[in-house]
Structures are given as structure tokens and as C-alpha cells.
Amino acid sequence: MSQFEAVIFDWAGTTVDFGCMAPVQAFVEGFKKFGITPTMEEVREPMGMLKIDHIRTMLKMPRIEKCWEEKYGKKPTEEDAQTLFEGFEENLFHVLDQHAELKPDTLEAVKALRDAQIKVGSTTGYTDKMMEIVVPIAKEQGYEPDCWFSPDSTNQKGRPYPYMIFKNMEKLGLSDVRKVMKIGDTTSDIKEGKNAGVVSAGVIVGSSEMGLTKAEYEALSEEERKGKCEAVAEKFRQAGADYVFMDLKEAVEFVLGK
């Protein structure tokens with residue numbers, strides 16, 4: 001019998017959208033409109049956070065802040081962050097439906113949990129409006145967690161705050177954080193889990209931290225895959241992960257004690 005009563009998944013990069021491509025595309029396009037071209041590392045670093053916090057974090061990055069100051073003669077402001085966020089939202093709504101395909105092992109993993117009477121919750125860095133696009137597409141493919149919560153449900157206190165996890169626990173009727181595992185694909189996910197006191201785990205393949213499409217990942221040599229996977233695993237460990245798994249199949253086998 002499993003020691004866990006529930007698993008709380010992230011969405012993009014964990015259960016859907018291999019590589020977490022939708023937000024990356026939207027962030028890059030949003031910054032480019034202001035004459036700033038962010039690197040993939042700069043875009044990926046805050047991934048998993050509430051999206052406005054993600055933009056605020058990027059604007060404080062030394063290189064981006066310097067570029068902004070050179071272009072506009074001043075440091076970026078909160079007003080600039082809000083303007084960027086409006087553009088980001090518009091960009092994301094245009095591509096979300098193209099990036100909501102389930103990751104390969106999602107359905108099998110969720111079925112195994114349900115067969116063992118383990119509840120399935122979820123948290124996300126997306127807003128409720130964004131989830132109105134993602135959730136129905138996931139459901140059409142057979143994935144529907146028992147509940148999900150966005151930062152809209154926690155007064156915009158998204159990751160790394162723990163409150164979305166607590167909302168899941170309340171909804172699912174859970175009382176012991178030690179019997180809950182949070183699984184995500186970013187360091188923000190790991191920190192969310194640690195701050196909530198639950199068991200916090202990262203999933204490597206298809207993660208935002210790896211940042212590769214399925215085709216790009218499959219095109220790697222065995223040695224290249226090994227190197228990239230170990231680099232992602234180390235990031236998760238440094239963020240405080242209790243466990244690191246290659247994929248959801250491996251994670252669920254651990255949850256079930258196999």
C-alpha cells in the first residue's frame with residue numbers, strides 16, 4: 001500500500017505540452033515587441049511562476065534591465081511589466097490550443113494512481129482564463145485531474161508560495177502534507193512543494209528545464225541525452241527536490257512502491 005494519498009501535478013511541461021513550449025514562445029514574442037530579445041535561459045529561469053511575476057523577474061535580470069535602460073533611458077517599471085503582461089497574454093491565447101497535447105505517459109500514470117485510489121490534484125502558473133483553453137483539450141484526450149487551482153484562487157500568490165497546494169489538499173480532504181507528492185518540471189515547482197511541506201519531485205524528460213521538443217529530445221544521441229538529463233536533475237536537486245524522476249511512469253511507480 002502506498003504511503004501517499006495524493007499526487008499534485010503541474011501542467012505545461014509535466015502532464016501536457018512536452019518541453020513547455022507555449023509560454024516560452026509567448027514571452028519571447030512579447031519582449032521582442034519592445035526591442036529586447038531574451039535568451040532561452042533568461043526565459044526559462046523563472047518558469048512555473050505566476051506569469052506576471054515571471055515577467056517582473058525577467059525585467060530585473062541584469063542583461064535585460066541594462067538593454068531596457070539603454071533603449072528607453074530608464075529602468076523598467078511596474079507599468080512596463082503590466083504592459084508586457086498584456087502582450088504576453090494576447091500572444092499565449094493565440095498558441096495555447098496548439099500546445100495542450102498530453103505528454104506520452106500522462107494517461108498511464110494517472111490511471112495507475114486512480115487504480116490505487118490515490119487522488120490527483122494540480123497547480124499551474126497559468127491563469128483561470130488560460131486554463132479555460134487547456135483543461136477542455138486535456139479532457140478530450142482523457143486527462144482530467146480531480147481538481148486544479150491557479151494563482152487566481154490564491155490572491156495571485158503563485159509559486160513558489162504553497163497556497164495552491166493547500167487549496168488542493170482542502171478540496172481533496174487531505175490532512176497530512178507528508179502523504180502528498182508534488183510533481184513538476186521547474187525549480188519553481190520544486191520550491192512550491194518544499195514550501196508546502198509536501199514531498200517535492202521533479203520530472204526530467206519533456207520538462208521546461210530541459211527545454212526541448214519531443215522531436216529534439218529523440219534526435220539526441222544517448223550520450224547527449226544522459227548529459228542533459230543529469231544537468232536538469234542537478235538543477236532540481238539544488239532547488240531542494242526530494243526526488244528526481246526521468247518521467248511520470250517512473251514517478252508513479254515510486255509512489256505506488258513498485
# chains A, B, ... in the order shown; residues from 1 in each chain; ligands from 1
>>> residues_around(residues="Leu59 in chain A", least_positions_apart="4", cutoff="8 Å", atoms="only C-alpha atoms", output="number ranges by chain")
A: 55, 64-65, 76, 81
>>> closest_atom_pairs(of="range 73-114 of chain A", to="range 209-222 of chain A", cutoff="12 Å", atoms="only C-alpha atoms", output="tab-separated table")
residue	atom	partner	partner_atom	distance
A:His99	CA	A:Thr213	CA	10.8
A:Glu101	CA	A:Lys214	CA	11.4
A:Leu102	CA	A:Lys214	CA	11.6
A:Lys103	CA	A:Lys214	CA	9.1
A:Pro104	CA	A:Lys214	CA	9.6
>>> write_last_selection(atoms="all heavy atoms", output="CSV table (one decimal), in the first residue's frame")
chain,number,residue,atom,x,y,z
A,99,HIS,N,-0.6,23.8,-28.0
A,99,HIS,CA,0.4,23.2,-27.1
A,99,HIS,C,-0.2,22.6,-25.9
A,99,HIS,O,0.2,22.8,-24.8
A,99,HIS,CB,1.4,24.3,-26.7
A,99,HIS,CG,2.3,24.9,-27.8
A,99,HIS,ND1,3.4,24.2,-28.2
A,99,HIS,CD2,2.1,26.0,-28.6
A,99,HIS,CE1,3.9,24.9,-29.2
A,99,HIS,NE2,3.2,26.0,-29.4
A,101,GLU,N,-1.2,19.2,-26.0
A,101,GLU,CA,-1.2,17.8,-26.2
A,101,GLU,C,-0.6,17.1,-25.0
A,101,GLU,O,0.4,17.6,-24.4
A,101,GLU,CB,-0.4,17.4,-27.4
A,101,GLU,CG,-0.3,15.9,-27.7
A,101,GLU,CD,0.5,15.6,-29.0
A,101,GLU,OE1,0.9,16.5,-29.7
A,101,GLU,OE2,0.8,14.4,-29.2
A,102,LEU,N,-1.2,16.0,-24.5
A,102,LEU,CA,-0.7,15.3,-23.4
A,102,LEU,C,0.7,14.7,-23.6
A,102,LEU,O,1.0,14.3,-24.7
A,102,LEU,CB,-1.6,14.1,-23.0
A,102,LEU,CG,-3.1,14.4,-22.6
A,102,LEU,CD1,-3.7,13.1,-22.2
A,102,LEU,CD2,-3.1,15.5,-21.5
A,103,LYS,N,1.5,14.7,-22.6
A,103,LYS,CA,2.8,14.1,-22.7
A,103,LYS,C,2.6,12.6,-22.7
A,103,LYS,O,1.5,12.1,-22.3
A,103,LYS,CB,3.7,14.4,-21.5
A,103,LYS,CG,4.2,15.9,-21.6
A,103,LYS,CD,5.1,16.2,-20.4
A,103,LYS,CE,6.4,15.4,-20.4
A,103,LYS,NZ,7.2,15.8,-19.2
A,104,PRO,N,3.5,11.8,-23.3
A,104,PRO,CA,3.3,10.4,-23.7
A,104,PRO,C,2.8,9.5,-22.5
A,104,PRO,O,2.0,8.6,-22.7
A,104,PRO,CB,4.6,9.9,-24.2
A,104,PRO,CG,5.3,11.2,-24.7
A,104,PRO,CD,4.8,12.3,-23.8
>>> residues_around(residues="Thr124 in chain A", least_positions_apart="2", cutoff="6 Å", atoms="only C-alpha atoms", output="list in words")
Asp10, Trp11, Tyr126 and Ser150 of chain A
>>> write_last_selection(atoms="C-alpha atoms", output="compact mmCIF listing (two decimals), in the first residue's frame")
# COMPACT_ATOMS: atom_id res chain seq x y z
CA ASP A 10 1.90 20.72 -12.65
CA TRP A 11 0.51 21.20 -16.17
CA TYR A 126 -1.46 29.77 -15.90
CA SER A 150 -4.35 28.62 -10.47
>>> select_by_dssp(residues="range 29-204 of chain A", states="strand (DSSP E)", output="PyMOL selection string")
chain A and resi 119-122+180-184+199-203
>>> residues_around(residues="range 232-243 of chain A", least_positions_apart="4", cutoff="6 Å", atoms="only C-alpha atoms", output="PyMOL selection string")
chain A and resi 187+190+200-201
>>> select_by_dssp(residues="range 112-253 of chain A", states="alpha helix (DSSP H)", output="PyMOL selection string")
chain A and resi 112-115+128-140+163-172+187-196+214-218+222-238+248-253
>>> write_last_selection(atoms="C-alpha atoms", output="PDB file, in the first residue's frame")
ATOM      1  CA  ALA A 112      -2.260   3.749 -12.200  1.00  0.00           C
ATOM      2  CA  LEU A 113      -2.803   6.310  -9.428  1.00  0.00           C
ATOM      3  CA  ARG A 114      -6.580   6.084  -9.695  1.00  0.00           C
ATOM      4  CA  ASP A 115      -6.478   2.281  -9.690  1.00  0.00           C
ATOM      5  CA  ASP A 128      -8.046  30.704 -14.949  1.00  0.00           C
ATOM      6  CA  LYS A 129      -8.677  32.177 -18.418  1.00  0.00           C
ATOM      7  CA  MET A 130      -5.687  30.311 -19.822  1.00  0.00           C
ATOM      8  CA  MET A 131      -6.851  27.107 -18.157  1.00  0.00           C
ATOM      9  CA  GLU A 132     -10.254  27.512 -19.807  1.00  0.00           C
ATOM     10  CA  ILE A 133      -8.419  26.643 -23.028  1.00  0.00           C
ATOM     11  CA  VAL A 134      -6.076  23.950 -21.706  1.00  0.00           C
ATOM     12  CA  VAL A 135      -8.419  21.958 -19.429  1.00  0.00           C
ATOM     13  CA  PRO A 136     -11.078  21.047 -22.051  1.00  0.00           C
ATOM     14  CA  ILE A 137      -8.417  19.984 -24.585  1.00  0.00           C
ATOM     15  CA  ALA A 138      -6.759  17.776 -21.960  1.00  0.00           C
ATOM     16  CA  LYS A 139     -10.152  16.308 -21.049  1.00  0.00           C
ATOM     17  CA  GLU A 140     -10.836  15.449 -24.694  1.00  0.00           C
ATOM     18  CA  TYR A 163      -1.128  28.092  -1.276  1.00  0.00           C
ATOM     19  CA  MET A 164      -2.284  26.342  -4.461  1.00  0.00           C
ATOM     20  CA  ILE A 165      -1.130  23.062  -2.946  1.00  0.00           C
ATOM     21  CA  PHE A 166      -3.064  23.804   0.243  1.00  0.00           C
ATOM     22  CA  LYS A 167      -6.159  24.566  -1.878  1.00  0.00           C
ATOM     23  CA  ASN A 168      -5.785  21.126  -3.460  1.00  0.00           C
ATOM     24  CA  MET A 169      -5.428  19.481  -0.069  1.00  0.00           C
ATOM     25  CA  GLU A 170      -8.532  21.236   1.224  1.00  0.00           C
ATOM     26  CA  LYS A 171     -10.567  20.262  -1.847  1.00  0.00           C
ATOM     27  CA  LEU A 172      -9.352  16.652  -1.752  1.00  0.00           C
ATOM     28  CA  THR A 187      12.589  24.733  -9.979  1.00  0.00           C
ATOM     29  CA  SER A 188       9.547  26.879  -9.100  1.00  0.00           C
ATOM     30  CA  ASP A 189       7.515  23.664  -8.821  1.00  0.00           C
ATOM     31  CA  ILE A 190      10.126  22.167  -6.509  1.00  0.00           C
ATOM     32  CA  LYS A 191      10.138  25.259  -4.283  1.00  0.00           C
ATOM     33  CA  GLU A 192       6.316  25.304  -4.197  1.00  0.00           C
ATOM     34  CA  GLY A 193       6.332  21.731  -2.921  1.00  0.00           C
ATOM     35  CA  LYS A 194       9.072  22.355  -0.371  1.00  0.00           C
ATOM     36  CA  ASN A 195       7.323  25.469   0.948  1.00  0.00           C
ATOM     37  CA  ALA A 196       4.127  23.459   1.389  1.00  0.00           C
ATOM     38  CA  LYS A 214       9.834  15.735 -28.286  1.00  0.00           C
ATOM     39  CA  ALA A 215      11.474  15.571 -31.732  1.00  0.00           C
ATOM     40  CA  GLU A 216      14.553  17.452 -30.493  1.00  0.00           C
ATOM     41  CA  TYR A 217      14.878  15.158 -27.472  1.00  0.00           C
ATOM     42  CA  GLU A 218      14.513  11.999 -29.550  1.00  0.00           C
ATOM     43  CA  GLU A 222      22.426   8.517 -25.944  1.00  0.00           C
ATOM     44  CA  GLU A 223      25.380  10.449 -24.540  1.00  0.00           C
ATOM     45  CA  GLU A 224      23.727  13.829 -25.191  1.00  0.00           C
ATOM     46  CA  ARG A 225      20.519  12.685 -23.509  1.00  0.00           C
ATOM     47  CA  LYS A 226      22.426  11.464 -20.480  1.00  0.00           C
ATOM     48  CA  GLY A 227      24.250  14.780 -20.153  1.00  0.00           C
ATOM     49  CA  LYS A 228      21.120  16.912 -20.471  1.00  0.00           C
ATOM     50  CA  CYS A 229      19.125  14.723 -18.091  1.00  0.00           C
ATOM     51  CA  GLU A 230      21.836  14.899 -15.441  1.00  0.00           C
ATOM     52  CA  ALA A 231      22.042  18.699 -15.791  1.00  0.00           C
ATOM     53  CA  VAL A 232      18.283  19.021 -15.233  1.00  0.00           C
ATOM     54  CA  ALA A 233      18.382  16.583 -12.317  1.00  0.00           C
ATOM     55  CA  GLU A 234      21.115  18.670 -10.675  1.00  0.00           C
ATOM     56  CA  LYS A 235      19.003  21.829 -11.031  1.00  0.00           C
ATOM     57  CA  PHE A 236      16.110  20.077  -9.314  1.00  0.00           C
ATOM     58  CA  ARG A 237      18.358  18.817  -6.526  1.00  0.00           C
ATOM     59  CA  GLN A 238      19.816  22.281  -5.961  1.00  0.00           C
ATOM     60  CA  LEU A 248       5.825  10.244 -14.924  1.00  0.00           C
ATOM     61  CA  LYS A 249       5.926   6.467 -15.306  1.00  0.00           C
ATOM     62  CA  GLU A 250       8.977   6.263 -13.055  1.00  0.00           C
ATOM     63  CA  ALA A 251       7.461   8.765 -10.621  1.00  0.00           C
ATOM     64  CA  VAL A 252       4.202   6.847 -10.276  1.00  0.00           C
ATOM     65  CA  GLU A 253       5.987   3.525  -9.840  1.00  0.00           C
TER      66      GLU A 253
END
>>> residues_around(residues="range 22-39 of chain A", least_positions_apart="4", cutoff="6 Å", atoms="only C-alpha atoms", output="number ranges by chain")
A: 87-88, 91-92, 96, 99
>>> residues_around(residues="Asp53 in chain A", least_positions_apart="6", cutoff="12 Å", atoms="only C-alpha atoms", output="mmCIF file with N, CA, C and O atoms, in the first residue's frame")
data_model
loop_
_atom_site.group_PDB
_atom_site.id
_atom_site.type_symbol
_atom_site.label_atom_id
_atom_site.label_comp_id
_atom_site.auth_asym_id
_atom_site.auth_seq_id
_atom_site.Cartn_x
_atom_site.Cartn_y
_atom_site.Cartn_z
ATOM 1 N N GLU A 45 14.368 30.486 -16.887
ATOM 2 C CA GLU A 45 14.758 30.510 -15.467
ATOM 3 C C GLU A 45 13.581 30.698 -14.500
ATOM 4 O O GLU A 45 13.490 29.991 -13.496
ATOM 5 N N PRO A 46 12.642 31.635 -14.741
ATOM 6 C CA PRO A 46 11.535 31.805 -13.780
ATOM 7 C C PRO A 46 10.320 30.921 -14.083
ATOM 8 O O PRO A 46 9.262 31.107 -13.477
ATOM 9 N N MET A 47 10.448 29.998 -15.035
ATOM 10 C CA MET A 47 9.286 29.225 -15.484
ATOM 11 C C MET A 47 8.597 28.525 -14.316
ATOM 12 O O MET A 47 9.232 28.012 -13.412
ATOM 13 N N LEU A 59 12.543 41.175 -16.047
ATOM 14 C CA LEU A 59 12.910 42.588 -16.164
ATOM 15 C C LEU A 59 14.007 42.991 -15.180
ATOM 16 O O LEU A 59 14.704 43.986 -15.393
ATOM 17 N N LYS A 60 14.159 42.216 -14.105
ATOM 18 C CA LYS A 60 15.199 42.508 -13.117
ATOM 19 C C LYS A 60 16.515 41.799 -13.428
ATOM 20 O O LYS A 60 17.520 42.018 -12.744
ATOM 21 N N GLU A 78 6.988 48.920 -12.964
ATOM 22 C CA GLU A 78 5.835 48.025 -12.811
ATOM 23 C C GLU A 78 4.857 48.243 -13.951
ATOM 24 O O GLU A 78 4.239 47.278 -14.445
ATOM 25 N N ALA A 81 6.021 46.251 -16.785
ATOM 26 C CA ALA A 81 5.735 44.835 -16.550
ATOM 27 C C ALA A 81 4.288 44.513 -16.899
ATOM 28 O O ALA A 81 3.996 43.495 -17.547
ATOM 29 N N GLN A 82 3.371 45.393 -16.494
ATOM 30 C CA GLN A 82 1.949 45.169 -16.775
ATOM 31 C C GLN A 82 1.661 45.237 -18.274
ATOM 32 O O GLN A 82 0.871 44.445 -18.806
ATOM 33 N N LEU A 84 3.827 44.570 -20.678
ATOM 34 C CA LEU A 84 4.390 43.336 -21.233
ATOM 35 C C LEU A 84 3.472 42.150 -20.985
ATOM 36 O O LEU A 84 3.290 41.291 -21.849
ATOM 37 N N PHE A 85 2.886 42.116 -19.781
ATOM 38 C CA PHE A 85 1.992 41.001 -19.439
ATOM 39 C C PHE A 85 0.756 40.984 -20.340
ATOM 40 O O PHE A 85 0.313 39.913 -20.769
ATOM 41 N N GLY A 125 0.920 27.693 -13.278
ATOM 42 C CA GLY A 125 1.297 29.094 -13.357
ATOM 43 C C GLY A 125 0.384 29.865 -14.294
ATOM 44 O O GLY A 125 0.467 31.086 -14.393
ATOM 45 N N TYR A 126 -0.483 29.131 -15.011
ATOM 46 C CA TYR A 126 -1.457 29.768 -15.897
ATOM 47 C C TYR A 126 -2.569 30.414 -15.068
ATOM 48 O O TYR A 126 -2.797 30.044 -13.919
ATOM 49 N N PRO A 151 -3.153 30.620 -9.683
ATOM 50 C CA PRO A 151 -2.927 31.723 -8.736
ATOM 51 C C PRO A 151 -4.142 32.645 -8.575
ATOM 52 O O PRO A 151 -4.208 33.403 -7.610
ATOM 53 N N GLN A 156 -3.452 35.790 -6.266
ATOM 54 C CA GLN A 156 -2.261 35.983 -7.115
ATOM 55 C C GLN A 156 -0.959 35.582 -6.427
ATOM 56 O O GLN A 156 0.124 35.972 -6.859
ATOM 57 N N LYS A 157 -1.066 34.769 -5.386
ATOM 58 C CA LYS A 157 0.133 34.246 -4.741
ATOM 59 C C LYS A 157 0.447 32.878 -5.370
ATOM 60 O O LYS A 157 0.059 31.827 -4.862
ATOM 61 N N GLY A 158 1.127 32.936 -6.533
ATOM 62 C CA GLY A 158 1.506 31.702 -7.219
ATOM 63 C C GLY A 158 2.818 31.157 -6.679
ATOM 64 O O GLY A 158 3.295 31.566 -5.617
ATOM 65 N N ARG A 159 3.417 30.227 -7.411
ATOM 66 C CA ARG A 159 4.702 29.669 -6.990
ATOM 67 C C ARG A 159 5.753 30.781 -6.863
ATOM 68 O O ARG A 159 5.717 31.729 -7.618
ATOM 69 N N PRO A 160 6.651 30.661 -5.890
ATOM 70 C CA PRO A 160 6.876 29.494 -5.018
ATOM 71 C C PRO A 160 6.027 29.455 -3.753
ATOM 72 O O PRO A 160 6.285 28.648 -2.871
ATOM 73 N N TYR A 161 5.026 30.329 -3.641
ATOM 74 C CA TYR A 161 4.110 30.231 -2.495
ATOM 75 C C TYR A 161 3.419 28.854 -2.494
ATOM 76 O O TYR A 161 3.190 28.278 -3.562
ATOM 77 N N SER A 188 10.662 26.234 -9.813
ATOM 78 C CA SER A 188 9.547 26.879 -9.100
ATOM 79 C C SER A 188 8.587 25.844 -8.534
ATOM 80 O O SER A 188 8.047 26.002 -7.438
#
